[in-house]
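This is structure25.cif. It holds mmCIF, C-alpha atoms and all ligand atoms.
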data_upload
#
loop_
_atom_site.label_atom_id
_atom_site.label_comp_id
_atom_site.auth_asym_id
_atom_site.auth_seq_id
_atom_site.Cartn_x
_atom_site.Cartn_y
_atom_site.Cartn_z
CA MET A 263 41.52 -97.23 15.90
CA GLU A 264 42.62 -100.81 15.62
CA TYR A 265 40.39 -103.66 16.71
CA THR A 266 41.15 -107.18 17.87
CA THR A 267 39.29 -110.26 19.07
CA LEU A 268 38.96 -110.62 22.83
CA GLY A 269 39.99 -114.24 23.20
CA ARG A 270 37.27 -116.87 23.21
CA THR A 271 34.52 -114.26 23.59
CA GLY A 272 34.86 -113.46 19.91
CA LEU A 273 34.02 -109.83 20.75
CA LYS A 274 35.63 -107.27 18.44
CA VAL A 275 37.22 -104.75 20.76
CA SER A 276 39.32 -101.64 20.33
CA VAL A 277 42.93 -102.20 21.40
CA ALA A 278 42.57 -99.07 23.57
CA GLY A 279 39.93 -99.38 26.28
CA LEU A 280 38.59 -96.62 28.49
CA GLY A 281 39.14 -97.33 32.21
CA CYS A 282 36.60 -95.50 34.36
CA GLY A 283 38.30 -96.33 37.67
CA GLY A 284 41.94 -96.12 38.83
CA PRO A 285 43.40 -92.97 40.36
CA SER A 286 41.27 -90.73 38.11
CA ARG A 287 37.77 -92.23 37.84
CA LEU A 288 37.19 -90.01 34.79
CA GLY A 289 38.29 -87.07 36.93
CA MET A 290 35.55 -87.76 39.48
CA ARG A 291 37.63 -89.18 42.32
CA ASP A 292 37.33 -86.79 45.25
CA ASN A 293 34.50 -85.06 43.36
CA SER A 294 37.07 -82.99 41.51
CA ALA A 295 35.27 -83.07 38.14
CA SER A 296 31.60 -82.82 37.28
CA GLN A 297 29.50 -85.62 35.83
CA GLU A 298 29.23 -83.56 32.63
CA HIS A 299 33.02 -83.53 32.28
CA ALA A 300 33.12 -87.30 32.78
CA VAL A 301 30.30 -87.89 30.28
CA GLY A 302 32.29 -85.78 27.80
CA LEU A 303 35.36 -87.98 28.29
CA VAL A 304 33.44 -91.17 27.59
CA ARG A 305 31.96 -89.62 24.43
CA GLN A 306 35.40 -88.39 23.38
CA ALA A 307 36.74 -91.94 23.74
CA ILE A 308 33.90 -93.31 21.61
CA ASP A 309 34.55 -90.62 18.98
CA LEU A 310 38.19 -91.77 18.92
CA GLY A 311 36.98 -95.27 18.04
CA VAL A 312 37.14 -96.82 21.52
CA ASN A 313 34.35 -99.38 21.90
CA PHE A 314 35.60 -101.03 25.11
CA ILE A 315 34.53 -99.32 28.33
CA ASP A 316 35.41 -100.66 31.76
CA THR A 317 33.70 -99.54 34.94
CA ALA A 318 32.67 -101.11 38.27
CA GLN A 319 30.05 -101.02 40.98
CA SER A 320 32.61 -99.44 43.33
CA TYR A 321 33.86 -96.64 41.02
CA GLY A 322 30.75 -94.47 41.02
CA THR A 323 31.07 -94.06 37.25
CA GLU A 324 28.44 -96.51 35.97
CA GLU A 325 25.81 -93.81 35.82
CA VAL A 326 28.14 -91.53 33.85
CA VAL A 327 28.82 -94.30 31.35
CA GLY A 328 25.08 -94.92 31.09
CA ARG A 329 24.44 -91.27 30.31
CA ALA A 330 27.29 -91.09 27.80
CA VAL A 331 26.23 -94.14 25.80
CA ALA A 332 22.49 -93.44 25.78
CA GLY A 333 21.33 -93.37 22.18
CA ILE A 334 24.33 -95.27 20.81
CA PRO A 335 23.34 -98.63 19.31
CA ARG A 336 24.13 -101.12 22.08
CA ASP A 337 25.94 -103.56 19.81
CA ARG A 338 28.55 -100.92 18.94
CA LEU A 339 29.89 -101.05 22.49
CA VAL A 340 31.49 -103.64 24.73
CA ILE A 341 30.64 -102.81 28.34
CA SER A 342 32.62 -104.34 31.17
CA THR A 343 31.70 -103.85 34.80
CA LYS A 344 32.54 -105.54 38.07
CA LYS A 345 30.97 -106.75 41.29
CA THR A 346 32.67 -106.01 44.58
CA LEU A 347 32.96 -109.26 46.53
CA PRO A 348 30.41 -109.77 49.29
CA ALA A 349 31.94 -110.72 52.65
CA ALA A 350 32.78 -114.41 52.92
CA ASP A 351 30.39 -114.74 55.88
CA HIS A 352 27.53 -113.02 54.05
CA PRO A 353 24.37 -115.10 54.62
CA ASN A 354 23.36 -114.98 50.93
CA PRO A 355 26.28 -114.00 48.68
CA GLU A 356 24.51 -115.36 45.58
CA ASN A 357 21.73 -112.86 46.06
CA GLU A 358 24.29 -110.04 46.47
CA ILE A 359 25.66 -110.85 43.02
CA LYS A 360 22.17 -110.74 41.54
CA LYS A 361 21.34 -107.45 43.28
CA GLY A 362 24.66 -105.90 42.22
CA LEU A 363 24.06 -106.83 38.62
CA GLU A 364 20.52 -105.39 38.63
CA GLN A 365 21.89 -102.12 40.01
CA SER A 366 24.65 -101.99 37.38
CA LEU A 367 22.16 -102.66 34.56
CA LYS A 368 19.98 -99.83 35.81
CA LEU A 369 22.81 -97.31 36.15
CA LEU A 370 24.30 -98.27 32.79
CA GLY A 371 20.87 -98.10 31.11
CA THR A 372 21.23 -101.47 29.43
CA ASP A 373 19.65 -104.90 29.69
CA TYR A 374 22.90 -106.86 29.44
CA ILE A 375 26.57 -106.55 30.38
CA ASP A 376 29.13 -107.88 27.92
CA ILE A 377 31.70 -108.82 30.56
CA TYR A 378 30.81 -109.08 34.22
CA HIS A 379 33.79 -109.54 36.54
CA LEU A 380 34.38 -110.44 40.13
CA HIS A 381 36.37 -107.42 41.25
CA GLY A 382 39.86 -107.50 42.75
CA VAL A 383 39.85 -111.13 43.92
CA GLU A 384 42.76 -111.73 46.27
CA PRO A 385 44.34 -115.17 46.73
CA PRO A 386 42.60 -115.99 50.05
CA GLU A 387 39.23 -115.08 48.48
CA TYR A 388 39.60 -117.24 45.40
CA ASP A 389 37.91 -120.42 46.68
CA PHE A 390 34.94 -118.42 47.91
CA ALA A 391 34.71 -116.68 44.53
CA LYS A 392 34.87 -119.97 42.68
CA GLU A 393 32.60 -122.05 44.91
CA ARG A 394 29.95 -119.52 45.99
CA LEU A 395 29.96 -116.66 43.49
CA MET A 396 30.72 -118.37 40.18
CA PRO A 397 27.44 -120.39 40.22
CA ALA A 398 25.51 -117.13 40.62
CA MET A 399 27.44 -115.57 37.73
CA ARG A 400 26.63 -118.61 35.56
CA ARG A 401 22.93 -118.26 36.33
CA LEU A 402 23.03 -114.62 35.21
CA ARG A 403 24.71 -115.70 32.01
CA GLU A 404 22.04 -118.34 31.40
CA GLN A 405 19.41 -115.60 31.86
CA GLY A 406 21.11 -113.50 29.17
CA LYS A 407 21.94 -110.68 31.60
CA ILE A 408 25.66 -111.11 31.15
CA ARG A 409 27.47 -112.48 28.12
CA PHE A 410 30.87 -113.40 29.55
CA ILE A 411 32.38 -113.94 32.99
CA GLY A 412 35.61 -112.29 34.07
CA VAL A 413 37.82 -111.92 37.10
CA THR A 414 40.18 -109.08 37.99
CA GLU A 415 43.14 -109.39 40.30
CA GLY A 416 43.98 -107.11 43.22
CA PHE A 417 47.34 -106.16 41.71
CA VAL A 418 48.51 -103.95 44.58
CA GLN A 419 48.05 -106.78 47.07
CA ASP A 420 48.98 -109.56 44.63
CA PRO A 421 51.69 -108.23 42.28
CA SER A 422 53.01 -111.71 41.49
CA HIS A 423 49.57 -112.83 40.22
CA LYS A 424 49.03 -115.68 42.65
CA MET A 425 45.25 -115.58 42.28
CA LEU A 426 45.40 -115.73 38.48
CA ARG A 427 48.16 -118.35 38.39
CA ASP A 428 45.91 -120.63 40.43
CA GLY A 429 42.63 -119.50 38.88
CA LEU A 430 43.76 -120.12 35.31
CA LYS A 431 44.59 -123.76 35.97
CA ALA A 432 40.91 -124.63 35.58
CA ASP A 433 39.03 -123.35 32.56
CA LEU A 434 36.52 -121.04 34.25
CA TRP A 435 37.07 -117.48 33.11
CA ASP A 436 36.35 -115.96 29.70
CA VAL A 437 38.30 -112.77 30.44
CA VAL A 438 40.84 -111.68 33.05
CA MET A 439 42.13 -108.24 34.02
CA VAL A 440 45.84 -108.24 34.79
CA GLY A 441 48.32 -105.70 36.15
CA PHE A 442 51.17 -105.43 33.66
CA ASN A 443 53.60 -102.61 33.03
CA LEU A 444 57.25 -101.94 32.28
CA LEU A 445 58.10 -101.98 36.00
CA ASN A 446 56.47 -105.36 36.59
CA PRO A 447 56.28 -107.48 33.44
CA SER A 448 55.95 -110.71 35.43
CA ALA A 449 52.59 -111.62 33.84
CA ARG A 450 54.62 -112.33 30.69
CA LYS A 451 55.88 -115.52 32.30
CA SER A 452 53.20 -116.38 34.82
CA VAL A 453 49.87 -115.38 33.24
CA PHE A 454 49.99 -114.80 29.48
CA PRO A 455 51.17 -118.30 28.49
CA GLN A 456 48.06 -119.69 30.20
CA THR A 457 45.64 -117.12 28.78
CA VAL A 458 47.00 -117.57 25.27
CA GLU A 459 46.73 -121.35 25.52
CA LYS A 460 43.16 -121.23 26.85
CA GLN A 461 42.10 -118.27 24.67
CA VAL A 462 41.13 -116.21 27.70
CA GLY A 463 40.70 -112.52 26.84
CA VAL A 464 43.22 -110.20 28.55
CA LEU A 465 42.58 -106.65 29.72
CA ASN A 466 45.71 -104.77 30.80
CA MET A 467 45.45 -102.42 33.80
CA PHE A 468 48.17 -100.33 35.53
CA ALA A 469 50.01 -99.53 32.29
CA VAL A 470 50.99 -96.11 33.67
CA ARG A 471 49.34 -95.67 37.00
CA ARG A 472 51.17 -93.28 39.34
CA ALA A 473 54.84 -94.24 39.05
CA LEU A 474 55.01 -93.65 35.32
CA SER A 475 53.08 -90.39 35.41
CA GLN A 476 54.59 -88.80 38.54
CA PRO A 477 58.41 -88.35 38.37
CA ASP A 478 58.86 -88.11 42.16
CA ARG A 479 57.19 -91.46 42.68
CA LEU A 480 59.43 -93.07 40.10
CA LYS A 481 62.54 -91.65 41.77
CA SER A 482 61.41 -92.94 45.14
CA ILE A 483 60.79 -96.43 43.68
CA PHE A 484 64.32 -96.45 42.26
CA ARG A 485 65.80 -95.29 45.58
CA ASP A 486 64.14 -98.34 47.16
CA LEU A 487 65.32 -100.72 44.43
CA ILE A 488 68.89 -99.48 44.82
CA ARG A 489 68.70 -99.77 48.60
CA LYS A 490 67.46 -103.38 48.25
CA GLY A 491 70.22 -104.14 45.73
CA ALA A 492 67.64 -105.00 43.02
CA VAL A 493 69.13 -102.29 40.77
CA ALA A 494 72.85 -101.51 40.81
CA ALA A 495 73.63 -97.96 41.96
CA GLY A 496 75.23 -96.21 39.03
CA SER A 497 73.34 -98.26 36.43
CA VAL A 498 70.69 -95.52 36.15
CA ASN A 499 70.56 -91.76 36.50
CA ALA A 500 69.11 -91.38 40.01
CA GLY A 501 67.66 -87.95 39.14
CA ASP A 502 65.78 -89.31 36.13
CA PRO A 503 66.00 -93.10 36.17
CA LEU A 504 64.22 -93.88 32.90
CA ASP A 505 65.79 -91.05 30.89
CA PHE A 506 67.27 -93.59 28.46
CA VAL A 507 63.76 -94.56 27.32
CA LEU A 508 63.13 -91.07 25.99
CA ARG A 509 66.68 -90.52 24.75
CA GLU A 510 66.87 -93.76 22.79
CA SER A 511 63.38 -93.79 21.26
CA ASP A 512 60.91 -91.52 19.52
CA THR A 513 58.97 -91.14 22.74
CA ALA A 514 58.11 -87.73 24.11
CA ALA A 515 57.04 -88.75 27.60
CA LEU A 516 57.00 -91.80 29.86
CA PRO A 517 53.23 -92.43 29.67
CA ASP A 518 53.63 -92.70 25.89
CA ALA A 519 56.37 -95.32 26.30
CA ALA A 520 54.43 -97.12 29.02
CA TYR A 521 51.25 -97.58 26.95
CA ARG A 522 53.27 -98.70 23.92
CA PHE A 523 55.17 -101.18 26.06
CA CYS A 524 51.87 -102.85 27.01
CA ARG A 525 50.16 -102.62 23.66
CA HIS A 526 52.75 -104.72 21.86
CA GLU A 527 52.98 -107.46 24.47
CA ARG A 528 51.90 -110.83 23.10
CA GLY A 529 48.90 -111.90 25.13
CA VAL A 530 47.50 -108.42 25.83
CA ASP A 531 44.24 -107.74 23.99
CA VAL A 532 43.04 -104.39 25.37
CA VAL A 533 45.21 -101.76 27.09
CA LEU A 534 43.08 -99.75 29.48
CA THR A 535 43.76 -96.08 29.90
CA GLY A 536 42.34 -94.20 32.85
CA THR A 537 42.28 -90.42 32.88
CA GLY A 538 40.26 -87.38 33.82
CA ASN A 539 42.04 -85.22 31.26
CA PRO A 540 40.80 -84.95 27.64
CA ALA A 541 44.28 -84.07 26.32
CA HIS A 542 45.73 -87.15 28.05
CA LEU A 543 42.98 -89.32 26.60
CA LYS A 544 43.75 -88.18 23.07
CA ALA A 545 47.51 -88.63 23.56
CA ASN A 546 47.08 -92.04 25.19
CA VAL A 547 44.94 -93.42 22.39
CA GLU A 548 47.58 -92.17 19.92
CA SER A 549 50.32 -93.85 21.99
CA ILE A 550 48.47 -97.17 22.02
CA LEU A 551 48.34 -97.02 18.22
CA LYS A 552 52.07 -96.29 17.78
CA PRO A 553 54.70 -98.92 16.87
CA PRO A 554 56.65 -100.83 19.55
CA LEU A 555 59.53 -99.23 21.42
CA PRO A 556 62.96 -99.89 19.87
CA GLU A 557 64.52 -103.28 20.69
CA PRO A 558 67.55 -101.86 22.58
CA VAL A 559 65.21 -99.95 24.91
CA LEU A 560 63.11 -103.07 25.50
CA ARG A 561 66.29 -105.02 26.28
CA LYS A 562 67.43 -102.43 28.83
CA LEU A 563 64.01 -102.46 30.46
CA ALA A 564 64.13 -106.26 30.61
CA ASP A 565 67.58 -106.08 32.23
CA LEU A 566 66.24 -103.71 34.88
CA PHE A 567 62.80 -105.15 35.60
CA GLY A 568 62.53 -108.50 33.78
CA ASN A 569 62.81 -110.50 36.99
CA LEU A 570 60.80 -108.27 39.33
CA ASP A 571 57.34 -109.33 40.42
CA TYR A 572 56.68 -107.06 43.37
CA LEU A 573 56.40 -103.53 41.93
CA THR A 574 52.99 -102.24 40.87
CA GLY A 575 53.59 -98.65 39.86
CA ASN A 576 50.86 -97.51 42.19
N1 LIG B 1 41.41 -104.59 40.30
C1 LIG B 1 40.79 -103.98 39.33
O1 LIG B 1 39.81 -104.50 38.85
C2 LIG B 1 41.29 -102.70 38.77
C3 LIG B 1 42.28 -101.98 39.46
C4 LIG B 1 42.77 -100.82 38.87
C5 LIG B 1 42.29 -100.41 37.64
N2 LIG B 1 41.31 -101.11 37.00
C6 LIG B 1 40.77 -100.66 35.70
O2 LIG B 1 41.86 -100.39 34.85
C7 LIG B 1 41.76 -99.05 34.38
C8 LIG B 1 43.11 -98.48 34.06
O3 LIG B 1 43.93 -98.52 35.21
P1 LIG B 1 44.68 -97.27 35.77
O4 LIG B 1 43.69 -96.30 36.27
O5 LIG B 1 45.68 -97.81 36.68
O6 LIG B 1 45.17 -96.58 34.44
P2 LIG B 1 46.50 -95.99 33.85
O7 LIG B 1 46.03 -95.53 32.54
O8 LIG B 1 47.62 -96.93 33.93
O9 LIG B 1 46.91 -94.77 34.83
C9 LIG B 1 46.06 -93.75 35.13
C10 LIG B 1 46.85 -92.64 35.84
O10 LIG B 1 47.82 -92.10 34.94
C11 LIG B 1 47.59 -90.72 34.73
N3 LIG B 1 47.76 -90.44 33.30
C12 LIG B 1 47.12 -91.05 32.29
N4 LIG B 1 47.55 -90.58 31.10
C13 LIG B 1 48.49 -89.65 31.37
C14 LIG B 1 49.29 -88.81 30.55
N5 LIG B 1 49.22 -88.86 29.21
N6 LIG B 1 50.15 -87.97 31.15
C15 LIG B 1 50.25 -87.92 32.51
N7 LIG B 1 49.51 -88.70 33.33
C16 LIG B 1 48.64 -89.56 32.77
C17 LIG B 1 46.17 -90.47 35.14
O11 LIG B 1 46.01 -89.12 35.61
P3 LIG B 1 45.16 -88.02 34.76
O12 LIG B 1 43.74 -88.19 35.16
O13 LIG B 1 45.77 -86.74 35.20
O14 LIG B 1 45.39 -88.28 33.30
C18 LIG B 1 45.99 -91.50 36.26
O15 LIG B 1 46.47 -90.99 37.48
C19 LIG B 1 41.00 -98.33 35.49
O16 LIG B 1 40.47 -97.12 35.07
C20 LIG B 1 39.97 -99.38 35.80
O17 LIG B 1 38.94 -99.37 34.83
C21 LIG B 1 40.81 -102.25 37.56
#
For the structure just supplied, provide its representation as structure tokens.
Amino acid sequence: MEYTTLGRTGLKVSVAGLGCGGPSRLGMRDNSASQEHAVGLVRQAIDLGVNFIDTAQSYGTEEVVGRAVAGIPRDRLVISTKKTLPAADHPNPENEIKKGLEQSLKLLGTDYIDIYHLHGVEPPEYDFAKERLMPAMRRLREQGKIRFIGVTEGFVQDPSHKMLRDGLKADLWDVVMVGFNLLNPSARKSVFPQTVEKQVGVLNMFAVRRALSQPDRLKSIFRDLIRKGAVAAGSVNAGDPLDFVLRESDTAALPDAAYRFCRHERGVDVVLTGTGNPAHLKANVESILKPPLPEPVLRKLADLFGNLDYLTGN
């Protein structure tokens, strides 16, 4: 494993982080895998050198993480979890934050969270998050229950990063979680310059998601792009639109290319990988540790997607 410093937090984190949400939730979405299977995945990640684990109140995986890390010295791990936003008309949103944190601590079996985020904040919710929820987060930090405060965007609803573009103007957040992938590299221009300047830690989500792991979804995205005129018909092979990535690099599969694409982006600290499959986890950690994709491939990807800020890969 390789380790890096997560921005101003100073935390030493593995460049590959385990995501316990997303379409897989450690295999537990739709109850398809057992808790034991999920606990095994978390332990496998730790055995591979991963020390960064991301979960959330809404994923239903905090308890699994708690079980998997029991007995491991706490300071060997960096635990990130998130609070779902209370409704804006909630009579006591501050208390909701406090209650959510207490529940997360209990499920995770720890007395502090390294990074506590407001989860999936959309642009219209930002003022509420800043004015009403941030003070409660600060109080928890003063009490030693959380070490650093983060915010994650709702990438599907906000693929051009409006919330983060506004939110990063003030110096409030220690860490942000950003959607970034080869289909939508717009954070390169609109988010990373600000995080680098302010030394805000960056967690990368959506590196692969569905479009880069399910060939039919990718084809349908390209059909749309061609219909809209965003990609010239004839510039790609409609039956296998990103075939050049595999042909012109040492990549065996698109997820491999997709994780490498993110890992070598300046401004990205931790690339999250979400999976319910132990073989995928092993392969993904290996991908994140591989060298960058060849320059000509990166140039072609930039020609295709460099100016797009509305795809998510979901
Ligand atoms: N707003 C937010 O705060 C927010 C939103 C989304 C995600 N997140 C966090 O970010 C993490 C990562 O995001 P993500 O879930 O979008 O992760 P991702 O790693 O980009 O994509 C995960 C998807 O790709 C598939 N996959 C992974 N490796 C594969 C491989 N080698 N071959 C084929 N398919 C593969 C997984 O299915 P298999 O299970 O079959 O491998 C899963 O469907 C989440 O787990 C969560 O912790 C946060």
key: Selection near A:Arg338, 12 Å with only C-alpha atoms, sequence-local residues under 6 positions removed, as a ChimeraX atom specification   = /A:273-276,308-309,311-315,331-332,376
key: Separation of atom CA of A:Val277 from atom CA of A:Gln461, in Å and rounded to one decimal   = 16.4 Å
Considering all atoms listed in the file, tabulate each residue of chain A that lies at most 7 Å from ligand LIG 1 (chain B) along with its nearest interatomic pair and the corresponding distance in Å to one decimal; arrange the rows by chain and ascending residue number and present them as JSON lines.
{"residue": "A:Leu280", "atom": "CA", "partner": "B:LIG1", "partner_atom": "O16", "distance": 6.9}
{"residue": "A:Gly281", "atom": "CA", "partner": "B:LIG1", "partner_atom": "O16", "distance": 3.2}
{"residue": "A:Cys282", "atom": "CA", "partner": "B:LIG1", "partner_atom": "O16", "distance": 4.3}
{"residue": "A:Gly283", "atom": "CA", "partner": "B:LIG1", "partner_atom": "O16", "distance": 3.5}
{"residue": "A:Gly284", "atom": "CA", "partner": "B:LIG1", "partner_atom": "O4", "distance": 3.1}
{"residue": "A:Pro285", "atom": "CA", "partner": "B:LIG1", "partner_atom": "O15", "distance": 4.7}
{"residue": "A:Ser286", "atom": "CA", "partner": "B:LIG1", "partner_atom": "O12", "distance": 4.6}
{"residue": "A:Arg287", "atom": "CA", "partner": "B:LIG1", "partner_atom": "O16", "distance": 6.2}
{"residue": "A:Leu288", "atom": "CA", "partner": "B:LIG1", "partner_atom": "O12", "distance": 6.8}
{"residue": "A:Gly289", "atom": "CA", "partner": "B:LIG1", "partner_atom": "O12", "distance": 5.8}
{"residue": "A:Asp316", "atom": "CA", "partner": "B:LIG1", "partner_atom": "O17", "distance": 4.9}
{"residue": "A:Thr317", "atom": "CA", "partner": "B:LIG1", "partner_atom": "O17", "distance": 5.2}
{"residue": "A:His381", "atom": "CA", "partner": "B:LIG1", "partner_atom": "O1", "distance": 5.1}
{"residue": "A:Gly382", "atom": "CA", "partner": "B:LIG1", "partner_atom": "N1", "distance": 4.1}
{"residue": "A:Thr414", "atom": "CA", "partner": "B:LIG1", "partner_atom": "O1", "distance": 4.7}
{"residue": "A:Glu415", "atom": "CA", "partner": "B:LIG1", "partner_atom": "N1", "distance": 5.1}
{"residue": "A:Gly416", "atom": "CA", "partner": "B:LIG1", "partner_atom": "N1", "distance": 4.6}
{"residue": "A:Phe417", "atom": "CA", "partner": "B:LIG1", "partner_atom": "N1", "distance": 6.3}
{"residue": "A:Met439", "atom": "CA", "partner": "B:LIG1", "partner_atom": "O1", "distance": 6.5}
{"residue": "A:Met467", "atom": "CA", "partner": "B:LIG1", "partner_atom": "O2", "distance": 4.3}
{"residue": "A:Phe468", "atom": "CA", "partner": "B:LIG1", "partner_atom": "O5", "distance": 3.7}
{"residue": "A:Ala469", "atom": "CA", "partner": "B:LIG1", "partner_atom": "O8", "distance": 3.9}
{"residue": "A:Val470", "atom": "CA", "partner": "B:LIG1", "partner_atom": "O8", "distance": 3.5}
{"residue": "A:Arg471", "atom": "CA", "partner": "B:LIG1", "partner_atom": "O9", "distance": 3.4}
{"residue": "A:Arg472", "atom": "CA", "partner": "B:LIG1", "partner_atom": "O15", "distance": 5.5}
{"residue": "A:Ser475", "atom": "CA", "partner": "B:LIG1", "partner_atom": "N7", "distance": 4.5}
{"residue": "A:Pro517", "atom": "CA", "partner": "B:LIG1", "partner_atom": "N5", "distance": 5.4}
{"residue": "A:Asp518", "atom": "CA", "partner": "B:LIG1", "partner_atom": "N5", "distance": 6.7}
{"residue": "A:Leu534", "atom": "CA", "partner": "B:LIG1", "partner_atom": "C8", "distance": 4.8}
{"residue": "A:Thr535", "atom": "CA", "partner": "B:LIG1", "partner_atom": "O7", "distance": 3.5}
{"residue": "A:Gly536", "atom": "CA", "partner": "B:LIG1", "partner_atom": "O7", "distance": 3.9}
{"residue": "A:Thr537", "atom": "CA", "partner": "B:LIG1", "partner_atom": "O12", "distance": 3.5}
{"residue": "A:Gly538", "atom": "CA", "partner": "B:LIG1", "partner_atom": "O12", "distance": 3.8}
{"residue": "A:Asn539", "atom": "CA", "partner": "B:LIG1", "partner_atom": "O14", "distance": 5.0}
{"residue": "A:His542", "atom": "CA", "partner": "B:LIG1", "partner_atom": "N5", "distance": 4.1}
{"residue": "A:Leu543", "atom": "CA", "partner": "B:LIG1", "partner_atom": "N4", "distance": 6.5}
{"residue": "A:Ala545", "atom": "CA", "partner": "B:LIG1", "partner_atom": "N5", "distance": 5.9}
{"residue": "A:Asn546", "atom": "CA", "partner": "B:LIG1", "partner_atom": "N5", "distance": 5.6}
message = Excluding stretch 429-438 of chain A and its own-chain neighbours fewer than 5 positions away, which residues fall within 6 Å of it when counting all atoms listed in the file? Please give them as JSON, numbers by chain.
response = {"A": [411, 412, 413, 414, 462, 463, 464]}
ask   = In Å to one decimal, how far is atom CA of A:Arg409 from atom CA of A:Leu370?
value =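 A separation of 15.3 Å between them.
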query = Quick one: residues within 10 Å of A:Asp502, all atoms listed in the file counted, chain neighbours fewer than 4 positions away excluded, as a VMD selection string?
reply = chain A and resid 477 to 478 480 to 481 484 498 506
request  = With a distance cut-off of 10 Å and all atoms listed in the file, select the neighbouring residues of stretch 394-397 of chain A, excluding the residue or stretch itself and same-chain residues fewer than 3 positions from it, and output the selection as a ChimeraX atom specification.
outcome  = /A:347-348,350,354-360,380,388-391,400-403,411-412,434-435
Store the residues picked out above in a file with C-alpha atoms, as a PDB file, in the coordinates of the input.
ATOM      1  CA  LEU A 347      32.960-109.260  46.530  1.00  0.00           C
ATOM      2  CA  PRO A 348      30.410-109.770  49.290  1.00  0.00           C
ATOM      3  CA  ALA A 350      32.780-114.410  52.920  1.00  0.00           C
ATOM      4  CA  ASN A 354      23.360-114.980  50.930  1.00  0.00           C
ATOM      5  CA  PRO A 355      26.280-114.000  48.680  1.00  0.00           C
ATOM      6  CA  GLU A 356      24.510-115.360  45.580  1.00  0.00           C
ATOM      7  CA  ASN A 357      21.730-112.860  46.060  1.00  0.00           C
ATOM      8  CA  GLU A 358      24.290-110.040  46.470  1.00  0.00           C
ATOM      9  CA  ILE A 359      25.660-110.850  43.020  1.00  0.00           C
ATOM     10  CA  LYS A 360      22.170-110.740  41.540  1.00  0.00           C
ATOM     11  CA  LEU A 380      34.380-110.440  40.130  1.00  0.00           C
ATOM     12  CA  TYR A 388      39.600-117.240  45.400  1.00  0.00           C
ATOM     13  CA  ASP A 389      37.910-120.420  46.680  1.00  0.00           C
ATOM     14  CA  PHE A 390      34.940-118.420  47.910  1.00  0.00           C
ATOM     15  CA  ALA A 391      34.710-116.680  44.530  1.00  0.00           C
ATOM     16  CA  ARG A 400      26.630-118.610  35.560  1.00  0.00           C
ATOM     17  CA  ARG A 401      22.930-118.260  36.330  1.00  0.00           C
ATOM     18  CA  LEU A 402      23.030-114.620  35.210  1.00  0.00           C
ATOM     19  CA  ARG A 403      24.710-115.700  32.010  1.00  0.00           C
ATOM     20  CA  ILE A 411      32.380-113.940  32.990  1.00  0.00           C
ATOM     21  CA  GLY A 412      35.610-112.290  34.070  1.00  0.00           C
ATOM     22  CA  LEU A 434      36.520-121.040  34.250  1.00  0.00           C
ATOM     23  CA  TRP A 435      37.070-117.480  33.110  1.00  0.00           C
TER      24      TRP A 435
END
Selection: 12 Å around A:Arg485, only C-alpha atoms, excl. self and same-chain fewer than 2 positions, as a PyMOL selection string = chain A and resi 478-483+487-496+498-503
ask   = How far is it from atom CA of A:Gly529 to atom CA of A:Asp565, in Å with one decimal?
value = 20.8 Å
